[in-house]
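Worksheet for the structure shown next.
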Amino acid sequence: MSGFDQNAAAALTSRADAQIWLEAFRDLNRQQWLASHWPDRKTEAWKYTPLTPLAQGDYLRFPTAGKVQIERARYDIPGLDCQRLVFVNGEMMPELCQLSPAREACCVTRFCDADEQQQALITQHLGKIAEATDNPFVALNGSWLEDGVLLQVAADQRIEEPLHIVHMTTPDQQAFSVRQRLLVALDSGAEATVIEHFTSDEARQNSFVTGVSEFKLAAGARLTHYRLHLEEEHNIHIGGVYAQLDRDAHIDSFFLGLGSRLTRLDLRIQHQGAGSHAQLNGIYLSKGTQHIDIHSTVEHEMPQGSTSEVVRGIVDDEAKAVFNGRIHIHPNAQKTLAELSNRNLLLTNTAEVYTKPELEIYADDVRCAHGATVSQIEDLSLYYLQSRGIDRKEAQVMLSFGFINELIGALRHEPLQRLLRPILTQWFGKDSGLTRHLL
Amino acid sequence: MLSIVDLHVRVEGKDILNGLSLEVQAGEVHAIMGPNGSGKSTLGYVLSGREGYEVVSGSATFEGHNLFELDAETRARAGLFLAFQYPVEIPGVSNMEFLKASVDAVREHQGLPPYDAVTFMKLARQQSASVSLPPEFLKRGVNEGFSGGEKKRNEILQMMLLEPKLAILDETDSGLDIDALQVVAEGVNARRSDENAFILVTHYQRLLDYIVPDFVHVLANGRIVKSGGKELALELEEKGYAWLEPEVA
C-alpha cells in the first residue's frame, strides 16, 4: 500500500476480533472520515500546516508486535509515585506497567478488558467529547480504534498518585501508524492526575501517531493533566485533547511539544457548567526544519467560568510554529473571565511563527483579554548578563531557557520539573558549554 | 587603573558626553555628582559596554586595555563592574544560576576552575546574608518581583561575589532606606583596599557619609566641571549646582 489518502486510510482496518462492541463506533467514524474534507491550504484550521509529510509517507499499516528492549530511563519519571501503563507502538507492555489493585474508588482499565458497566461508560462518552466532525483526524483515530485506556474515578474520591501513560514508538522495518485513545471520567468531586507521555527510542522513527484524549469532568471534579510530546523528530503526530467541564469543575492542563517533521495538537475545553475553571499552559519548541501546530479552543457556554491560558513558544533555525488560540464566549456565559497569552521567541531570522488569538464574545458582562507577541531576546537582559561576564551566546541560551522555565517552574509535580529541565536543556544545547549553568 | 581622556559619546544621535576626562588609581574612591541629564548613567553604560552608546572620540583605558575594543563580557571578566541604577528583572533565570554563571565566567578568565555547586551555593548564601538578602531570593528569578531595595542588595551581592577591581555604582543609593544604604556602604567599605577602586555616581551627599570618597567630581553637560575632595560634596549639598552656573552653562 502506498500514499496516504482517505480511501486508503479507511481501508486499513483493525483486527477482525477487535472489540465487537466498538464496531459501530468504528463504522461511524469511518464514514465521518470518508465524508470529511482532506485539509489543504484553503482549510482555515490547516492553512499553515501542510500534510505533505503524511501524504507522501507510507504509513498505512499497523506495526507487527515484536519483542523490544526498552530501557527504564526512556519512560521512567524518577521520584514520581504513580500508576503506570506503557505502550510500545500501541501494544501494552504488561511487564513495564505498574498498577494498583483494582478498587471501587478508581479504576484504570484497557478498553479490551472493560466489563459491561465500563463498556457502557465508554460507549456513553467516547466520541461525544472529541467529535469526529470537529477534526478529520479524530474520525480517523476512531475508525482505527481497537483499544484505549479508561480512567474512572468515583464521586468525591481523590487519587493522589498520577496515572502515567507512556506511549513509546520504536522504528519498524516499514513505516506504520499508531493510534491511542484515552477516556477519563471523573465523577462529581473526584480528583486525579494524568500524564500522557509520548516518547520514542533514540533511533530514527518512522511512525505516524494519532493520540486522542477525552476528559469528562462532572460537577466539582478536578483534573491535573500533562501532555508531553517528546517523540523523536522524524515522527509525525496528529492528536488532540478534548475536555468537558461541568459545574465548578477544574482542569489544570499543561502541554509540552517538541517539534517533529509534523506535530499537530488540538486542544478543546468546553465549559458546560457554571463556575468551571481551566488553566491551560503550554510550551512548544521547534528547530531545524520542524513544524509544530497547536490549535486551542475554549468554549464558555455557561456563566461565571474562567480560563487562563499561557502558551510560549521558541522557534529556531528554519523551523515553523503555528499557534491558534480561540476563546468563544456564548451568550449565556455572563461573568466569564478569560485570558489568553501567547508569546513567541524567534532565535533566527529564518524561523517562522504564525500566531492568532481569536476572541468571539456574545455576552456583554465578561472580562476577556488576549495577547500574542513575537519577539527576539531583549537587548537589555542580554547586556545585563554580559555585564556580569557571561558569554553572549551562553546568555542567549539562559534567556531563552528562562522564557519557558517559568512555566516549568509552575508545574505542580516536581518530579516532572526534574524530568523536563534536562530535556529542555538538551534542546538548547548545541554546545554543552552553553548550557552548563542550567540546573 | 582607569584613565578616561576627552571622551565624547553619542546616544541616538544626541551628544551626551562632551570631553569627559577622569583618572582613577587603585585604592581610590571617586564620587560623581551632577544634575539630572548630565551624563552620569551614560558614563557607566559606555564603560561597561552597553550597545547603542557610540564613542565619537576620546579613550578609556582600564588596566592597560583599551576598553572600547573589548565586548561587555570581557570587560566584566577583566574586573570592571557596573551596579545598575535599574537592575533588570529576568523571570525564569534563577538568581543562583545567574550568579554561578557570572562567577564561573570570571574565574575561568582568571584561570581558575568553576565552583562545584555545593561550594558555590554555600558561598552565595553567606554573601547574601551579609547584604541582608534572605536566601529565598537566590531561588527566585533574577530580580523578579524584588523591591527596589532588594534589587540594589542583589547588585551589591553580585559585586561581592565577582570581586571586581573597579566597581561603578550608578545611583545605588537612590530609593534606599537607611538600613539598605548602610548595607550597601558596608559592602563597599569591606571591599575597599589598595587594589580596588570605586566610582560612586550619586545625587546625594547622604551616601558619602557612609562611604567617604577621596575625590568628588561634578559632572555637567557631559564633562567634569569641578573636582575636589570630600568637602565638595558638602558644599554641593548646601548650595546645589547653581553656583557652578558658569561651568554648568
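Scheme for the C-alpha cells: letters A, B, ... for chains in order shown; per-chain residue numbers from 1; ligand numbers from 1 in order shown.
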
What residues in chain B lie within 7 Å of chain A, counting only C-alpha atoms, written as an mmCIF file with all heavy atoms, in the first residue's frame?
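Contents of selection_31.cif, as written:
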data_model
loop_
_atom_site.group_PDB
_atom_site.id
_atom_site.type_symbol
_atom_site.label_atom_id
_atom_site.label_comp_id
_atom_site.auth_asym_id
_atom_site.auth_seq_id
_atom_site.Cartn_x
_atom_site.Cartn_y
_atom_site.Cartn_z
ATOM 1 N N SER B 48 30.878 50.047 30.589
ATOM 2 C CA SER B 48 30.602 48.617 30.753
ATOM 3 C C SER B 48 30.221 47.944 29.434
ATOM 4 O O SER B 48 30.111 46.728 29.376
ATOM 5 C CB SER B 48 29.510 48.399 31.792
ATOM 6 O OG SER B 48 28.280 48.878 31.302
ATOM 7 N N ARG B 50 27.518 48.778 27.016
ATOM 8 C CA ARG B 50 26.155 48.661 26.514
ATOM 9 C C ARG B 50 26.100 49.089 25.049
ATOM 10 O O ARG B 50 26.711 50.078 24.659
ATOM 11 C CB ARG B 50 25.222 49.535 27.350
ATOM 12 C CG ARG B 50 23.770 49.396 26.935
ATOM 13 C CD ARG B 50 22.834 50.059 27.893
ATOM 14 N NE ARG B 50 21.462 49.858 27.439
ATOM 15 C CZ ARG B 50 20.397 50.289 28.081
ATOM 16 N NH1 ARG B 50 20.541 50.957 29.219
ATOM 17 N NH2 ARG B 50 19.190 50.075 27.618
ATOM 18 N N ALA B 72 31.335 43.478 26.184
ATOM 19 C CA ALA B 72 30.870 43.709 27.560
ATOM 20 C C ALA B 72 31.337 42.610 28.508
ATOM 21 O O ALA B 72 31.783 42.890 29.625
ATOM 22 C CB ALA B 72 29.350 43.826 27.572
ATOM 23 N N GLU B 73 31.245 41.347 28.064
ATOM 24 C CA GLU B 73 31.595 40.268 28.984
ATOM 25 C C GLU B 73 33.081 40.253 29.308
ATOM 26 O O GLU B 73 33.483 39.935 30.429
ATOM 27 C CB GLU B 73 31.114 38.906 28.471
ATOM 28 C CG GLU B 73 31.584 38.482 27.096
ATOM 29 C CD GLU B 73 30.546 38.757 26.021
ATOM 30 O OE1 GLU B 73 30.001 39.889 25.995
ATOM 31 O OE2 GLU B 73 30.292 37.861 25.195
ATOM 32 N N THR B 74 33.901 40.641 28.323
ATOM 33 C CA THR B 74 35.346 40.641 28.575
ATOM 34 C C THR B 74 35.725 41.753 29.555
ATOM 35 O O THR B 74 36.595 41.579 30.402
ATOM 36 C CB THR B 74 36.108 40.809 27.243
ATOM 37 O OG1 THR B 74 35.545 39.898 26.302
ATOM 38 C CG2 THR B 74 37.582 40.498 27.414
ATOM 39 N N ALA B 76 33.861 42.802 31.940
ATOM 40 C CA ALA B 76 33.460 42.322 33.265
ATOM 41 C C ALA B 76 34.489 41.326 33.801
ATOM 42 O O ALA B 76 34.870 41.373 34.967
ATOM 43 C CB ALA B 76 32.083 41.665 33.182
ATOM 44 N N ARG B 77 34.937 40.441 32.915
ATOM 45 C CA ARG B 77 35.900 39.426 33.360
ATOM 46 C C ARG B 77 37.235 40.062 33.741
ATOM 47 O O ARG B 77 37.950 39.557 34.594
ATOM 48 C CB ARG B 77 36.125 38.396 32.249
ATOM 49 C CG ARG B 77 34.899 37.554 31.985
ATOM 50 C CD ARG B 77 35.105 36.709 30.759
ATOM 51 N NE ARG B 77 33.830 36.183 30.292
ATOM 52 C CZ ARG B 77 33.656 35.589 29.129
ATOM 53 N NH1 ARG B 77 34.678 35.451 28.289
ATOM 54 N NH2 ARG B 77 32.481 35.138 28.782
ATOM 55 N N VAL B 88 17.902 44.715 36.063
ATOM 56 C CA VAL B 88 16.953 44.126 35.123
ATOM 57 C C VAL B 88 16.301 42.885 35.740
ATOM 58 O O VAL B 88 16.972 42.056 36.339
ATOM 59 C CB VAL B 88 17.695 43.742 33.824
ATOM 60 C CG1 VAL B 88 16.729 43.169 32.800
ATOM 61 C CG2 VAL B 88 18.425 44.952 33.251
ATOM 62 N N ILE B 90 14.752 39.322 35.281
ATOM 63 C CA ILE B 90 14.794 38.249 34.289
ATOM 64 C C ILE B 90 14.047 37.032 34.838
ATOM 65 O O ILE B 90 14.641 36.129 35.419
ATOM 66 C CB ILE B 90 16.234 37.869 33.911
ATOM 67 C CG1 ILE B 90 17.034 39.131 33.569
ATOM 68 C CG2 ILE B 90 16.228 36.901 32.741
ATOM 69 C CD1 ILE B 90 18.462 38.866 33.183
ATOM 70 N N PRO B 91 12.724 36.998 34.654
ATOM 71 C CA PRO B 91 11.952 35.854 35.148
ATOM 72 C C PRO B 91 12.416 34.574 34.456
ATOM 73 O O PRO B 91 12.795 34.602 33.284
ATOM 74 C CB PRO B 91 10.514 36.185 34.723
ATOM 75 C CG PRO B 91 10.508 37.632 34.414
ATOM 76 C CD PRO B 91 11.888 37.973 33.955
ATOM 77 N N GLY B 92 12.422 33.498 35.199
ATOM 78 C CA GLY B 92 12.762 32.206 34.589
ATOM 79 C C GLY B 92 14.229 31.849 34.685
ATOM 80 O O GLY B 92 14.588 30.694 34.541
ATOM 81 N N VAL B 93 15.084 32.860 34.896
ATOM 82 C CA VAL B 93 16.505 32.557 35.095
ATOM 83 C C VAL B 93 16.760 32.677 36.592
ATOM 84 O O VAL B 93 16.581 33.748 37.161
ATOM 85 C CB VAL B 93 17.404 33.542 34.329
ATOM 86 C CG1 VAL B 93 18.875 33.293 34.656
ATOM 87 C CG2 VAL B 93 17.161 33.430 32.834
ATOM 88 N N GLU B 97 21.575 30.426 39.562
ATOM 89 C CA GLU B 97 22.237 30.013 38.323
ATOM 90 C C GLU B 97 22.963 31.199 37.686
ATOM 91 O O GLU B 97 24.067 31.071 37.165
ATOM 92 C CB GLU B 97 21.211 29.460 37.315
ATOM 93 C CG GLU B 97 20.762 28.056 37.630
ATOM 94 C CD GLU B 97 19.667 27.553 36.685
ATOM 95 O OE1 GLU B 97 19.549 28.065 35.560
ATOM 96 O OE2 GLU B 97 18.931 26.645 37.092
ATOM 97 N N ALA B 101 26.888 31.390 37.046
ATOM 98 C CA ALA B 101 27.391 31.569 35.678
ATOM 99 C C ALA B 101 28.353 32.760 35.625
ATOM 100 O O ALA B 101 29.408 32.701 34.979
ATOM 101 C CB ALA B 101 26.224 31.773 34.712
ATOM 102 N N SER B 102 27.999 33.831 36.331
ATOM 103 C CA SER B 102 28.857 35.027 36.333
ATOM 104 C C SER B 102 30.195 34.740 36.996
ATOM 105 O O SER B 102 31.255 35.023 36.444
ATOM 106 C CB SER B 102 28.206 36.168 37.117
ATOM 107 O OG SER B 102 26.920 36.377 36.703
ATOM 108 N N ALA B 105 32.386 32.459 35.043
ATOM 109 C CA ALA B 105 32.952 33.104 33.851
ATOM 110 C C ALA B 105 34.170 33.941 34.233
ATOM 111 O O ALA B 105 35.200 33.919 33.555
ATOM 112 C CB ALA B 105 31.900 33.976 33.169
ATOM 113 N N VAL B 106 34.057 34.666 35.334
ATOM 114 C CA VAL B 106 35.177 35.497 35.778
ATOM 115 C C VAL B 106 36.342 34.616 36.242
ATOM 116 O O VAL B 106 37.501 34.871 35.933
ATOM 117 C CB VAL B 106 34.718 36.468 36.901
ATOM 118 C CG1 VAL B 106 35.900 37.182 37.524
ATOM 119 C CG2 VAL B 106 33.726 37.477 36.325
#

Among the residues of segment 361-398 of chain A, find those DSSP assigns to strand (DSSP E) from the backbone and print them as a JSON list (two decimals) with all heavy atoms, in the first residue's frame.
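Written output follows (states-v7.json):
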[["chain", "number", "residue", "atom", "x", "y", "z"],
["A", 361, "ILE", "N", -17.06, 36.94, 21.31],
["A", 361, "ILE", "CA", -17.80, 37.18, 22.55],
["A", 361, "ILE", "C", -19.24, 37.56, 22.24],
["A", 361, "ILE", "O", -19.51, 38.52, 21.52],
["A", 361, "ILE", "CB", -17.14, 38.33, 23.35],
["A", 361, "ILE", "CG1", -15.67, 37.96, 23.62],
["A", 361, "ILE", "CG2", -17.87, 38.57, 24.66],
["A", 361, "ILE", "CD1", -14.88, 39.07, 24.29],
["A", 367, "ARG", "N", -15.06, 39.53, 31.23],
["A", 367, "ARG", "CA", -13.75, 40.17, 31.16],
["A", 367, "ARG", "C", -12.82, 39.24, 30.40],
["A", 367, "ARG", "O", -12.58, 38.12, 30.83],
["A", 367, "ARG", "CB", -13.22, 40.43, 32.57],
["A", 367, "ARG", "CG", -12.61, 41.81, 32.67],
["A", 367, "ARG", "CD", -12.32, 42.22, 34.07],
["A", 367, "ARG", "NE", -11.30, 41.38, 34.67],
["A", 367, "ARG", "CZ", -11.21, 41.17, 35.97],
["A", 367, "ARG", "NH1", -12.09, 41.70, 36.79],
["A", 367, "ARG", "NH2", -10.26, 40.42, 36.46],
["A", 368, "CYS", "N", -12.37, 39.71, 29.28],
["A", 368, "CYS", "CA", -11.53, 38.87, 28.43],
["A", 368, "CYS", "C", -10.31, 39.65, 27.98],
["A", 368, "CYS", "O", -10.40, 40.85, 27.72],
["A", 368, "CYS", "CB", -12.28, 38.43, 27.19],
["A", 368, "CYS", "SG", -13.62, 37.34, 27.57],
["A", 369, "ALA", "N", -9.22, 38.98, 27.89],
["A", 369, "ALA", "CA", -8.03, 39.62, 27.37],
["A", 369, "ALA", "C", -7.25, 38.61, 26.57],
["A", 369, "ALA", "O", -7.23, 37.42, 26.92],
["A", 369, "ALA", "CB", -7.18, 40.15, 28.52],
["A", 370, "HIS", "N", -6.65, 39.08, 25.52],
["A", 370, "HIS", "CA", -5.76, 38.17, 24.81],
["A", 370, "HIS", "C", -4.59, 38.95, 24.27],
["A", 370, "HIS", "O", -4.66, 40.16, 24.07],
["A", 370, "HIS", "CB", -6.48, 37.41, 23.71],
["A", 370, "HIS", "CG", -6.85, 38.27, 22.53],
["A", 370, "HIS", "ND1", -8.14, 38.46, 22.14],
["A", 370, "HIS", "CD2", -6.11, 38.98, 21.67],
["A", 370, "HIS", "CE1", -8.18, 39.25, 21.09],
["A", 370, "HIS", "NE2", -6.96, 39.60, 20.79],
["A", 371, "GLY", "N", -3.51, 38.27, 24.08],
["A", 371, "GLY", "CA", -2.35, 38.93, 23.53],
["A", 371, "GLY", "C", -1.42, 37.92, 22.93],
["A", 371, "GLY", "O", -1.31, 36.80, 23.41],
["A", 372, "ALA", "N", -0.80, 38.33, 21.85],
["A", 372, "ALA", "CA", 0.20, 37.47, 21.23],
["A", 372, "ALA", "C", 1.39, 38.33, 20.88],
["A", 372, "ALA", "O", 1.23, 39.45, 20.38],
["A", 372, "ALA", "CB", -0.37, 36.82, 19.98],
["A", 373, "THR", "N", 2.56, 37.86, 21.17],
["A", 373, "THR", "CA", 3.75, 38.61, 20.80],
["A", 373, "THR", "C", 4.75, 37.68, 20.13],
["A", 373, "THR", "O", 4.80, 36.49, 20.41],
["A", 373, "THR", "CB", 4.46, 39.25, 22.02],
["A", 373, "THR", "OG1", 4.89, 38.20, 22.89],
["A", 373, "THR", "CG2", 3.55, 40.20, 22.76],
["A", 374, "VAL", "N", 5.50, 38.27, 19.25],
["A", 374, "VAL", "CA", 6.62, 37.56, 18.63],
["A", 374, "VAL", "C", 7.81, 38.47, 18.80],
["A", 374, "VAL", "O", 7.75, 39.65, 18.46],
["A", 374, "VAL", "CB", 6.36, 37.32, 17.13],
["A", 374, "VAL", "CG1", 7.55, 36.62, 16.51],
["A", 374, "VAL", "CG2", 5.09, 36.51, 16.93],
["A", 375, "SER", "N", 8.85, 37.98, 19.41],
["A", 375, "SER", "CA", 9.96, 38.87, 19.66],
["A", 375, "SER", "C", 11.28, 38.11, 19.64],
["A", 375, "SER", "O", 11.32, 36.90, 19.50],
["A", 375, "SER", "CB", 9.79, 39.56, 21.01],
["A", 375, "SER", "OG", 9.76, 38.59, 22.03]]

Report as number ranges by chain all protein, DNA and RNA residues lying within 9 Å of Ile224 of chain B, evaluated on only C-alpha atoms, omitting residues in the same chain fewer than 4 positions from it. B: 19-22, 32, 217-220

Can you write out the residues you just picked, keeping N, CA, C and O atoms, as an mmCIF file, in the first residue's frame?
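Output file result_39.cif is given in full below:
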data_model
loop_
_atom_site.group_PDB
_atom_site.id
_atom_site.type_symbol
_atom_site.label_atom_id
_atom_site.label_comp_id
_atom_site.auth_asym_id
_atom_site.auth_seq_id
_atom_site.Cartn_x
_atom_site.Cartn_y
_atom_site.Cartn_z
ATOM 1 N N GLY B 19 33.665 65.419 26.139
ATOM 2 C CA GLY B 19 35.034 65.703 26.564
ATOM 3 C C GLY B 19 35.273 65.401 28.029
ATOM 4 O O GLY B 19 35.892 66.187 28.749
ATOM 5 N N LEU B 20 34.795 64.252 28.448
ATOM 6 C CA LEU B 20 34.974 63.872 29.852
ATOM 7 C C LEU B 20 36.348 63.242 30.049
ATOM 8 O O LEU B 20 36.763 62.374 29.286
ATOM 9 N N SER B 21 37.054 63.694 31.075
ATOM 10 C CA SER B 21 38.340 63.097 31.433
ATOM 11 C C SER B 21 38.319 62.760 32.911
ATOM 12 O O SER B 21 37.775 63.510 33.727
ATOM 13 N N LEU B 22 38.908 61.603 33.243
ATOM 14 C CA LEU B 22 38.907 61.160 34.636
ATOM 15 C C LEU B 22 40.028 60.149 34.833
ATOM 16 O O LEU B 22 40.206 59.248 34.013
ATOM 17 N N ILE B 32 30.884 60.823 41.772
ATOM 18 C CA ILE B 32 30.497 61.712 40.667
ATOM 19 C C ILE B 32 29.075 62.186 40.935
ATOM 20 O O ILE B 32 28.164 61.383 41.101
ATOM 21 N N HIS B 217 33.597 64.722 42.063
ATOM 22 C CA HIS B 217 33.584 65.441 40.782
ATOM 23 C C HIS B 217 32.166 65.880 40.483
ATOM 24 O O HIS B 217 31.221 65.167 40.815
ATOM 25 N N VAL B 218 32.057 66.989 39.837
ATOM 26 C CA VAL B 218 30.741 67.419 39.374
ATOM 27 C C VAL B 218 30.695 67.240 37.862
ATOM 28 O O VAL B 218 31.547 67.752 37.127
ATOM 29 N N LEU B 219 29.703 66.468 37.432
ATOM 30 C CA LEU B 219 29.517 66.237 36.002
ATOM 31 C C LEU B 219 28.356 67.117 35.542
ATOM 32 O O LEU B 219 27.280 67.090 36.143
ATOM 33 N N ALA B 220 28.607 67.896 34.502
ATOM 34 C CA ALA B 220 27.531 68.720 33.957
ATOM 35 C C ALA B 220 27.733 68.817 32.458
ATOM 36 O O ALA B 220 28.867 68.960 31.989
#

Which of these residues is nearest to Asp5 of chain A, using only C-alpha atoms: A:Arg110, A:Leu34, A:Ile423, A:Ala55?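 Ranking A:Arg110, A:Leu34, A:Ile423, A:Ala55 by distance to Asp5 of chain A, first place goes to A:Ala55.
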
Leu96 of chain A: which residues within 9 Å, counting only C-alpha atoms, same-chain residues fewer than 4 positions away excluded, as a PyMOL selection string? chain A and resi 70+72+84-87+92

Write out as an NGL selection string the residues lying within 9 Å of segment 181-191 of chain A, counting only C-alpha atoms and excluding same-chain residues fewer than 4 positions away. :A and (121-122 or 125-126 or 141-142 or 145 or 147-160 or 210-224 or 246 or 249)

Please measure the separation of atom CA of His250 of chain A and atom CA of Gln279 of chain A, giving the value in Å to one decimal. 8.1 Å

DSSP helix (DSSP H, G or I) residues within segment 50-245 of chain A, listed as number ranges by chain: A: 52-55, 72-74, 94-96, 111-113, 116-125, 136-143

9 Å contact set for segment 153-163 of chain B, only C-alpha atoms, chain neighbours under 2 positions out, as a ChimeraX atom specification: /A:388 /B:76-77,79,81-84,87,99,102-103,106-107,123-124,127-128,130-133,137,142-143,148-151,165-167,172,180,183-184,187-188,191,196

Would you mind exporting C-alpha atoms of the selected residues as a compact mmCIF listing (two decimals), in the first residue's frame?
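Saved the output as out_3.txt:
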# COMPACT_ATOMS: atom_id res chain seq x y z
CA ARG A 388 28.42 40.13 34.63
CA ALA B 76 33.46 42.32 33.27
CA ARG B 77 35.90 39.43 33.36
CA GLY B 79 37.41 43.30 36.63
CA PHE B 81 31.63 46.04 37.39
CA LEU B 82 28.60 48.26 37.00
CA ALA B 83 25.91 48.21 39.66
CA PHE B 84 22.82 49.18 37.69
CA PRO B 87 18.64 46.27 37.76
CA LEU B 99 25.32 34.25 39.99
CA SER B 102 28.86 35.03 36.33
CA VAL B 103 31.33 33.97 38.95
CA VAL B 106 35.18 35.50 35.78
CA ARG B 107 37.05 32.64 37.41
CA LEU B 123 29.28 30.97 49.40
CA ALA B 124 26.28 32.66 47.82
CA GLN B 127 27.31 36.62 50.99
CA SER B 128 23.60 37.17 50.62
CA SER B 130 25.94 39.77 54.60
CA VAL B 131 23.81 42.05 52.42
CA SER B 132 20.68 41.04 54.36
CA LEU B 133 19.08 39.38 51.35
CA PHE B 137 15.85 35.40 46.89
CA VAL B 142 16.87 37.29 38.74
CA ASN B 143 15.42 40.39 40.44
CA GLY B 148 13.86 48.47 44.78
CA GLY B 149 15.97 47.92 47.87
CA GLU B 150 16.21 44.17 47.29
CA LYS B 151 17.40 44.75 43.76
CA LYS B 165 38.88 45.74 40.59
CA LEU B 166 36.76 48.71 39.65
CA ALA B 167 33.13 48.99 40.65
CA THR B 172 22.85 52.56 44.03
CA ALA B 180 19.72 49.35 52.97
CA VAL B 183 24.24 47.54 53.79
CA VAL B 184 25.45 48.99 50.52
CA GLY B 187 29.62 46.15 51.18
CA VAL B 188 31.72 48.82 49.55
CA ARG B 191 35.93 45.75 49.65
CA ASN B 196 40.38 48.18 44.27

Find the residues near Gly313 of chain A: any atom within 7 Å, counting only C-alpha atoms, skip ones fewer than 5 places away on the same chain, and give them as a ChimeraX atom specification. /A:283-285,343-345

Proximity to Phe62 of chain B - best of B:Leu43, B:Ile4, B:Leu234, B:Ile168, only C-alpha atoms: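 Looking at the shortest contact to Phe62 of chain B, the residue is B:Ile4.
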
Restricting to only C-alpha atoms, whichever of B:Arg75, B:Leu2, B:Arg125, B:Asp194 is closest to Leu138 of chain B is B:Arg125

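Closest approach to Leu200 of chain B among B:Gly222, B:Gly44, B:Gly27, B:Gly228: B:Gly44, based on only C-alpha atoms.
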